[in-house]
Structure formats: C-alpha cells, structure tokens
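A.B. asks: Take this structure, written in structure tokens, and hold onto it; I'll ask about it next.
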Protein chains: 2
Amino acid sequence: MQTKTIPPVKKRGRPRSQRAEQAILKAANELLAESGLAAMTIEEVAARAGVGKASIYRRWSSKASLAFDAFVDQFLAGQPIRDTGSLRGDLLAFVRDWIRTVKRTPSGRALSGLIAAVQSDPELAAAWRERFISRVRKQRRQVVERAIVRGEIPAGSDPDLLLDLLYGALYHRYLHIQSPLTDRFAQGVASMIAAGAAAGAAVPRRPPSAAA
Amino acid sequence: MQTKTIPPVKKRGRPRSQRAEQAILKAANELLAESGLAAMTIEEVAARAGVGKASIYRRWSSKASLAFDAFVDQFLAGQPIRDTGSLRGDLLAFVRDWIRTVKRTPSGRALSGLIAAVQSDPELAAAWRERFISRVRKQRRQVVERAIVRGEIPAGSDPDLLLDLLYGALYHRYLHIQSPLTDRFAQGVASMIAAGAAAGAAVPRRPPSAAA
C-alpha cells in the first residue's frame with residue numbers, strides 16, 4: 001500500500017498552515033468562478049491568497065488538483081448526506097439538493113465548464129476522477145449501504161449502478177439535452193431507482209447470461 | 001401548423017438530387033471523422049461531394065445541421081429498433097448496440113467530440129437537440145409504448161424519464177467518469193429501468209407532493 005503518497009489531512013499543519021490552505025482554496029474558487037479553469041494560474045491564486053507559489057505546490061501537484069479540491073468543497077457545501085428513513089426519500093433529498101446547487105450557486109454554474117474542460121484533456125480527466133468523482137461516490141454510497149442495512153433493498157445491490165443512473169439522468173438533462181430540471185423529474189428519478197433496487201434489479205445476475 | 005417550414009423528405013428530389021444528397025452526407029461524415037466539427041467547412045464538403053455550395057445550402061441552413069444529420073444516419077445504422085418481446089430485452093439489446101457503436105465505429109468515436117462542441121455553443125446545442133436528440137427520442141419511445149401496450153408497465157409511464165435514465169447512465173460512464181462499458185453494466189441498466197417501470201415508478205405522482 002502506497003499510503004505515503006497522499007499525506008493524511010489531519011496531520012497536515014499548524015493553525016497558520018491551515019489558514020493558508022483555506023486562503024488558497026478560497027482564492028482558487030474565486031478565480032475559477034471569474035475566469036474559468038483554462039485562464040486560472042497558480043501565480044494568480046498565490047497572489048490573491050497572499051502566499052508564495054511554493055506554498056501551493058507543497059500541497060497540490062497541479063493546477064487541476066487544486067482547482068478540483070477547491071470546487072468540490074464548495075459544490076458539496078449545500079448537499080449534506082440526509083437520513084430520511086427510506087431510500088426513495090434519501091435519493092429525492094439528494095437530487096433536489098443537487099438541482100438547487102447547480103441552478104443557484106456559483107460552483108453549480110461552474111460545473112458544466114469543468115466537465116467540458118475535462119473531456120478534452122486526459123490529465124484533467126484523471127485528476128477529476130480522483131479529486132471529484134471518487135470523493136463524492138465514496139460519500140454517496142452510504143445512502144445505498146443504509147438501505148441494505150434497513151432491509152429495503154437486497155444485499156449485493158451495486159451502489160455504483162444506482163449512482164450511475166442517478167447522476168447520469170441529472171447530467172444528461174442538464175448538459176446534453178438541456179431539459180428543465182423540474183421537481184417532477186427529481187421525483188421520477190428517485191422513484192425509479194428506489195423501485196428498481198427494491199425489486200432486486202441492482203444485484204448482478206450470476207453467471208452473466210449472454211442473451212436477453 | 002407550420003408544416004411548410006420543413007420540406008417533406010419524400011418530395012425532395014429526383015434521383016439525381018437524391019444522389020447529390022447522399023454524396024453530401026457521405027462527404028460530411030468523412031470530414032467529421034477526419035478533422036472534427038470545428039475544422040470541417042461547407043467548402044470542403046462541397047468539393048469532396050462534387051457539388052456546388054448552393055446545393056448544400058438549399059438543403060441545410062448551417063454546417064451544424066448538416067453535420068448532425070450526417071452523424072445521426074451513421075450512428076443509428078448499427079442500432080435498429082428490436083422487438084424481443086419484453087421491455088428488459090428491448091432495453092438490453094439497445095444498450096448493447098449503443099455500446100458496440102460507441103466503442104467500435106467511427107461515428108461512435110466522434111460522439112464525445114460532438115458533445116463537447118455542443119456544450120460550449122448554444123447554437124450548436126439547439127441544432128443538436130433538433131437533429132439528433134429529438135430524432136432518436138422519437139424513434140426510441142416506441143420501446144416504452146410497446147411495453148405499455150403489452151401491459152408490462154402501466155399506462156401513463158413517462159417514456160422520457162426511462163430514456164433519460166438509460167442514456168444518462170451510458171453517457172455518464174462513457175464521458176464523465178470513463179468507467180468501462182461492460183456487459184454487466186448493460187444488464188444492470190436494463191434490469192433497473194425495466195423493474196422500476198414495472199413497479200409503476202415511471203408514472204408521475206399526482207398531485208406532486210412537496211416532500212419525500
């Protein structure tokens with residue numbers, strides 16, 4: 001295990017160092033919102049945060065990893081993990097929080113630009129998967145795991161399948177077909193995924209059959 | 001009804017005109033695959049098809065509408081509407097055809113570039129919705145309508161909700177998180193959507209409740 005390649009967050013610094021980190025993340029977020037990922041530079045972030053460039057490179061190996069860390073903090077701020085007591089309720093709360101974030105916050109409005117940038121650059125794509133997708137997925141799998149513990153859906157249900165359907169439907173409407181993200185849509189997505197999982201459809205068939 | 005704004009395809013031309021149209025679409029496809037949408041020009045298409053620019057502008061109002069018409073013909077060529085006798089079977093056949101097209105054909109490989117281009121340009125986005133999304137949706141809704149006629153899913157099930165979940169999951173894996181498009185994934189998507197719809201979860205709740 002190469003556990004040393006990612007320094008543990010809790011040991012990272014003294015109060016002064018933590019303040020510097022917060023200032024860097026804040027500056028990065030402001031610059032992302034103002035001018036986008038392509039135009040943002042480490043020099044600008046350092047100047048606005050009042051730190052040296054070395055302070056940034058000690059913590060982040062690239063502009064993209066800094067930008068995505070800054071983005072994900074803001075993006076998730078309005079999307080707490082909820083415990084409503086049912087899978088449909090948890091998914092619906094989460095879809096509604098996502099829609100509100102995307103429609104009404106600066107980080108939500110930055111999302112489509114980041115995804116477009118990521119799609120044309122394999123290095124950005126790798127950083128995006130590590131810093132954004134993996135982090136959000138890890139957090140969101142809890143919702144599925146709780147539904148299994150409650151006995152609402154069968155053990156062996158694939159959390160990533162549920163989350164691919166959920167995020168997929170949201171991103172598809174938002175980015176590709178630009179249909180309105182209505183509350184009726186939010187309810188439909190939550191209902192379909194909860195009902196499919198309750199019917200056992202998220203448990204992979206073994207052995208996989210070759211035909212329908 | 002403004003039926004005259006879109007001339008009916010069948011009345012469009014004599015054989016010679018149809019040959020010209022096919023040559024234009026073929027040239028557009030080749031140039032899309034070779035150099036992408038941004039670099040493709042009407043001049044090049046005309047030269048390669050052996051027609052005048054006016055022949056193109058008589059049929060298509062913009063480069064994007066020509067490119068998307070050319071693309072969709074090719075993209076759908078390997079994805080016929082199947083009738084397997086069940087919603088899960090129809091969806092699975094369709095997801096498998098989509099995955100094969102995206103992975104193994106030139107038009108499939110062009111898809112991600114077109115979607116990236118569309119996201120940064122509202123005019124392209126409008127043409128994409130009209131020429132690609134609407135056309136494919138209209139064709140694919142049949143699968144859902146047949147399942148209603150068979151009594152497999154309730155009347156009132158929203159075809160667009162099912163298709164948003166299906167396309168969303170595919171595009172999300174393919175474009176955003178770049179996870180492998182495995183057959184296990186294809187089966188999971190088809191099973192989840194068919195089971196959710198069979199449980200009545202694609203029928204909108206009336207009146208929409210404000211809470212979960």
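Chain identifiers are assigned as A, B, and so on, following the order in which chains appear in the structure tokens; residues are numbered from 1 within each chain, and ligands are numbered from 1 in order of appearance.
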Please give the root-mean-square deviation of the Cα atoms once chain A has been least-squares fitted onto chain B, pairing every Cα in order.
C.D. replies: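 The optimal C-alpha superposition leaves an RMSD of 0.1 Å.
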A.B. asks: Should the cut-off be 6 Å, what would the residue list for chain A against chain B look like, counting only C-alpha atoms, as a ChimeraX atom specification?
C.D. replies: /A:89,116,164-165,168-169,172,191-192,195-196,201,212
A.B. asks: Taking C-alpha atoms for each residue, export the selection above as a short mmCIF file (atom, residue, chain, number, x, y, z; two decimals), in the first residue's frame.
C.D. replies:
data_model
loop_
_atom_site.label_atom_id
_atom_site.label_comp_id
_atom_site.auth_asym_id
_atom_site.auth_seq_id
_atom_site.Cartn_x
_atom_site.Cartn_y
_atom_site.Cartn_z
CA GLY A 89 -36.52 9.81 0.46
CA ALA A 116 -16.29 20.34 -20.79
CA ASP A 164 -24.58 5.95 -12.38
CA LEU A 165 -28.32 6.00 -13.09
CA GLY A 168 -26.40 10.07 -15.33
CA ALA A 169 -30.00 11.23 -15.55
CA HIS A 172 -27.86 14.18 -19.17
CA SER A 191 -38.83 6.67 -7.56
CA MET A 192 -37.46 4.68 -10.49
CA ALA A 195 -38.25 0.81 -7.03
CA GLY A 196 -35.74 -0.92 -9.32
CA ALA A 201 -32.58 -5.36 -10.10
CA ALA A 212 -31.53 -11.13 -23.16
#
A.B. asks: Which polymer residues have any atom within 12 Å of an atom of B:Arg109, counting only C-alpha atoms, with same-chain residues fewer than 3 positions away left out, as a ChimeraX atom specification?
C.D. replies: /B:32-34,36,71,74-75,98-106,112-115,174-175
A.B. asks: From a DSSP calculation on the backbone, collect every residue of stretch 129-204 of chain B in helix (DSSP H, G or I) and output the set as JSON, numbers by chain.
C.D. replies: {"B": [129, 130, 131, 132, 133, 134, 135, 136, 137, 138, 139, 140, 141, 142, 143, 144, 145, 146, 147, 148, 149, 159, 160, 161, 162, 163, 164, 165, 166, 167, 168, 169, 170, 171, 172, 173, 174, 175, 176, 183, 184, 185, 186, 187, 188, 189, 190, 191, 192, 193, 194, 195, 196, 197, 198]}
A.B. asks: What does the distance between atom CA of A:Leu76 and atom CA of A:Val136 come to in Å, to one decimal place?
C.D. replies: 8.3 Å
A.B. asks: Which value, in Å to one decimal, gives the distance between atom CA of B:Glu145 and atom CA of A:Arg96?
C.D. replies: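 Computed distance, atom CA of B:Glu145 to atom CA of A:Arg96, equals 28.7 Å.
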A.B. asks: Pick from B:Ala23, B:Ala155, B:Ala64, B:Ala39: nearest to B:Pro122, with only C-alpha atoms counted?
C.D. replies: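 Counting only C-alpha atoms, the residue closest to B:Pro122 is B:Ala64.
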A.B. asks: Residues at most 10 Å from A:Ala28, counting only C-alpha atoms, excluding those fewer than 2 positions away in the same chain, as a ChimeraX atom specification?
C.D. replies: /A:22-26,30-34,36-37,40-42,44-46,48-49,63,66-71
A.B. asks: Find the residue from A:Phe94, A:Glu123, A:Ala147, A:Val72 that sits nearest to A:Gly108; use only C-alpha atoms when measuring.
C.D. replies: A:Val72
A.B. asks: If I take atom CA of B:Arg135 and atom CA of B:Glu21, how far is one from the other in Å, to one decimal?
C.D. replies: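 So the answer is 18.8 Å.
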